[in-house]
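Visitor: Sharing protein_18.tsv, TSV, C-alpha atoms:
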```tsv
chain	number	residue	atom	x	y	z
T	47	MET	CA	-10.35	22.21	7.65
T	48	THR	CA	-13.29	20.22	8.97
T	49	ASP	CA	-12.84	16.87	10.59
T	50	PHE	CA	-13.65	13.54	8.94
T	51	LYS	CA	-17.00	13.14	10.70
T	52	GLU	CA	-18.24	16.53	9.45
T	53	ARG	CA	-17.03	15.91	5.88
T	54	ILE	CA	-18.81	12.53	5.75
T	55	LYS	CA	-22.00	14.03	7.21
T	56	LYS	CA	-21.97	16.84	4.64
T	57	SER	CA	-21.29	14.45	1.76
T	58	SER	CA	-24.05	12.15	2.99
T	59	ASN	CA	-26.52	15.03	3.05
T	60	VAL	CA	-25.47	16.32	-0.38
T	61	HIS	CA	-25.63	12.89	-2.06
T	62	LYS	CA	-28.63	11.70	0.00
T	63	SER	CA	-26.72	8.50	0.69
T	64	ARG	CA	-24.94	6.80	3.57
T	65	LEU	CA	-23.12	4.32	1.35
T	66	VAL	CA	-19.33	4.18	1.34
T	67	LEU	CA	-17.81	2.40	-1.66
T	68	ALA	CA	-14.95	0.09	-0.68
T	69	LEU	CA	-12.60	-0.23	-3.62
T	70	ASP	CA	-11.21	-3.75	-3.17
T	71	PRO	CA	-10.23	-5.02	-6.62
T	72	SER	CA	-8.78	-8.37	-7.52
T	73	GLN	CA	-6.62	-6.94	-10.34
T	74	SER	CA	-2.95	-6.53	-9.68
T	75	LYS	CA	-1.60	-4.46	-12.58
T	76	LYS	CA	-1.34	-0.71	-11.96
T	77	ASN	CA	-3.29	0.25	-15.09
T	78	ASP	CA	-6.03	-2.25	-14.24
T	79	LEU	CA	-6.30	-0.84	-10.71
T	80	LEU	CA	-6.74	2.73	-11.89
T	81	LYS	CA	-9.26	1.71	-14.56
T	82	PHE	CA	-11.21	-0.41	-12.05
T	83	ALA	CA	-11.38	2.46	-9.58
T	84	LYS	CA	-12.35	5.12	-12.11
T	85	ASP	CA	-14.97	2.88	-13.76
T	86	ALA	CA	-16.54	2.08	-10.38
T	87	LEU	CA	-16.52	5.73	-9.32
T	88	ASN	CA	-18.01	6.94	-12.60
T	89	MET	CA	-20.75	4.31	-12.42
T	90	LEU	CA	-21.64	4.77	-8.75
T	91	SER	CA	-20.80	8.39	-7.93
T	92	GLY	CA	-24.47	9.38	-7.68
T	93	GLN	CA	-25.24	6.71	-5.09
T	94	ILE	CA	-22.32	7.01	-2.66
T	95	CYS	CA	-21.17	9.59	-0.15
T	96	ALA	CA	-17.54	8.45	0.17
T	97	ILE	CA	-14.92	5.93	-0.92
T	98	LYS	CA	-12.60	3.68	1.04
T	99	ILE	CA	-9.42	3.02	-0.90
T	100	ASN	CA	-7.84	-0.36	-0.18
T	101	PHE	CA	-4.05	-0.61	0.18
T	102	HIS	CA	-4.00	-2.82	-2.95
T	103	ILE	CA	-4.97	0.31	-4.91
T	104	LEU	CA	-3.26	2.94	-2.80
T	105	LEU	CA	0.27	1.54	-2.64
T	106	PRO	CA	1.07	1.09	-6.36
T	107	LEU	CA	-0.50	4.38	-7.47
T	108	ASP	CA	0.99	7.84	-7.38
T	109	LEU	CA	-0.50	9.76	-4.46
T	110	TYR	CA	-0.49	13.22	-6.02
T	111	SER	CA	-1.89	12.43	-9.45
T	112	GLU	CA	-3.66	9.08	-9.64
T	113	VAL	CA	-5.09	8.84	-6.12
T	114	LYS	CA	-6.01	12.54	-6.18
T	115	SER	CA	-7.82	12.07	-9.50
T	116	MET	CA	-9.89	9.23	-7.97
T	117	ASN	CA	-10.68	11.35	-4.95
T	118	ASP	CA	-11.71	14.27	-7.16
T	119	LEU	CA	-14.21	12.03	-8.98
```
I'd like the structure from this file rewritten - as structure tokens, please.

Guide:
Amino acid sequence: MTDFKERIKKSSNVHKSRLVLALDPSQSKKNDLLKFAKDALNMLSGQICAIKINFHILLPLDLYSEVKSMNDL
């Protein structure tokens, strides 16, 4: 597996972007968090090379299904 620096560099080259989307929502309900994240990712996926997931999203969501589905987007 490649290190973080190499993965970001490759993603940046593929997407022709150096922007990292910081997902920092104000919503607090679990369903709202997942919808916020997926809506933002669907809208901006062509302009970003990576995402930074805030603990406000990460902690209430299931790591293996919900967080993985965001990462896959």

Visitor: Of the candidates T:Ser72, T:Ser115, T:Thr48, T:Ser58, which shows the shortest atom-to-atom distance to Ala96 of chain T, using all atoms listed in the file?

Guide: T:Ser58

Visitor: Identify which of the residues T:Asp85, T:Asp78, T:Ile94, T:Lys114 lies closest to Ile54 of chain T, counting only C-alpha atoms when measuring atom-to-atom distances.

Guide: T:Ile94

Visitor: Leaving out Asn59 of chain T and any residue of its chain fewer than 6 positions from it, which residues lie within 12 Å of it when counting all atoms listed in the file, given as a list of chain:residue names?

Guide: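 Residues near the query, excluding close chain neighbours: T:Glu52, T:Arg53, T:Leu65, T:Gln93, T:Ile94, T:Cys95, T:Ala96.
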
Visitor: Measuring atom to atom with all atoms listed in the file, identify which of T:Asp70, T:Ser91, T:Asn117, T:Lys84 is nearest to Ile103 of chain T.

Guide: T:Asp70

Visitor: Skipping near chain neighbours, those fewer than 6 positions away, what residues fall within 10 Å of Leu104 of chain T using all atoms listed in the file, listed as a list in words?

Guide: Leu69, Leu79, Leu80, Glu112 and Val113 of chain T

Visitor: Got time to write the residues from that selection, C-alpha atoms, as a PDB file, keeping the file's coordinate frame?

Guide:
```pdb
ATOM      1  CA  LEU T  69     -12.600  -0.230  -3.620  1.00  0.00           C
ATOM      2  CA  LEU T  79      -6.300  -0.840 -10.710  1.00  0.00           C
ATOM      3  CA  LEU T  80      -6.740   2.730 -11.890  1.00  0.00           C
ATOM      4  CA  GLU T 112      -3.660   9.080  -9.640  1.00  0.00           C
ATOM      5  CA  VAL T 113      -5.090   8.840  -6.120  1.00  0.00           C
TER       6      VAL T 113
END
```

Visitor: In Å, how far is it from atom CA of Tyr110 of chain T to atom CA of Ala86 of chain T?

Guide: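 About the pair atom CA of Tyr110 of chain T and atom CA of Ala86 of chain T: they are 20.0 Å apart.
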
Visitor: So how many Å separate atom CA of Val66 of chain T and atom CA of Asn88 of chain T, to one decimal?

Guide: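 That distance, rounded to one decimal, is 14.3 Å.
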
Visitor: Using Å and a single decimal, report how far atom CA of Met116 of chain T sits from atom CA of Lys81 of chain T.

Guide: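 Between atom CA of Lys81 of chain T and atom CA of Met116 of chain T the gap is 10.0 Å.
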
Visitor: Choose the residue, out of T:Leu67, T:Leu119, T:Lys55, T:His61, that has the smallest atom-to-atom separation from Ile99 of chain T; count all atoms listed in the file.

Guide: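 Comparing T:Leu67, T:Leu119, T:Lys55, T:His61 against Ile99 of chain T, the winner is T:Leu67.
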
Visitor: Considering all atoms listed in the file, state which residue in the set T:Phe82, T:Leu87, T:Asp49, T:Val60 is at the smallest distance from Asp118 of chain T.

Guide: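 Closest to Asp118 of chain T, using all atoms listed in the file: T:Leu87.
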
Visitor: Using all atoms of segment 49-67 of chain T that appear in the file, construct an axis-aligned enclosing box with 3 Å of padding on every side and provide its centre coordinates and edge lengths in Å, rounded to one decimal, as lines of an AutoDock Vina configuration file.

Guide:
```
center_x = -20.7
center_y = 9.6
center_z = 4.3
size_x = 21.8
size_y = 20.5
size_z = 18.8
```

Visitor: Given the choices T:Ala68, T:Lys51, T:Lys56, T:Ser111, which gets closest to Leu90 of chain T if the distance is worked out from all atoms listed in the file?

Guide: T:Ala68
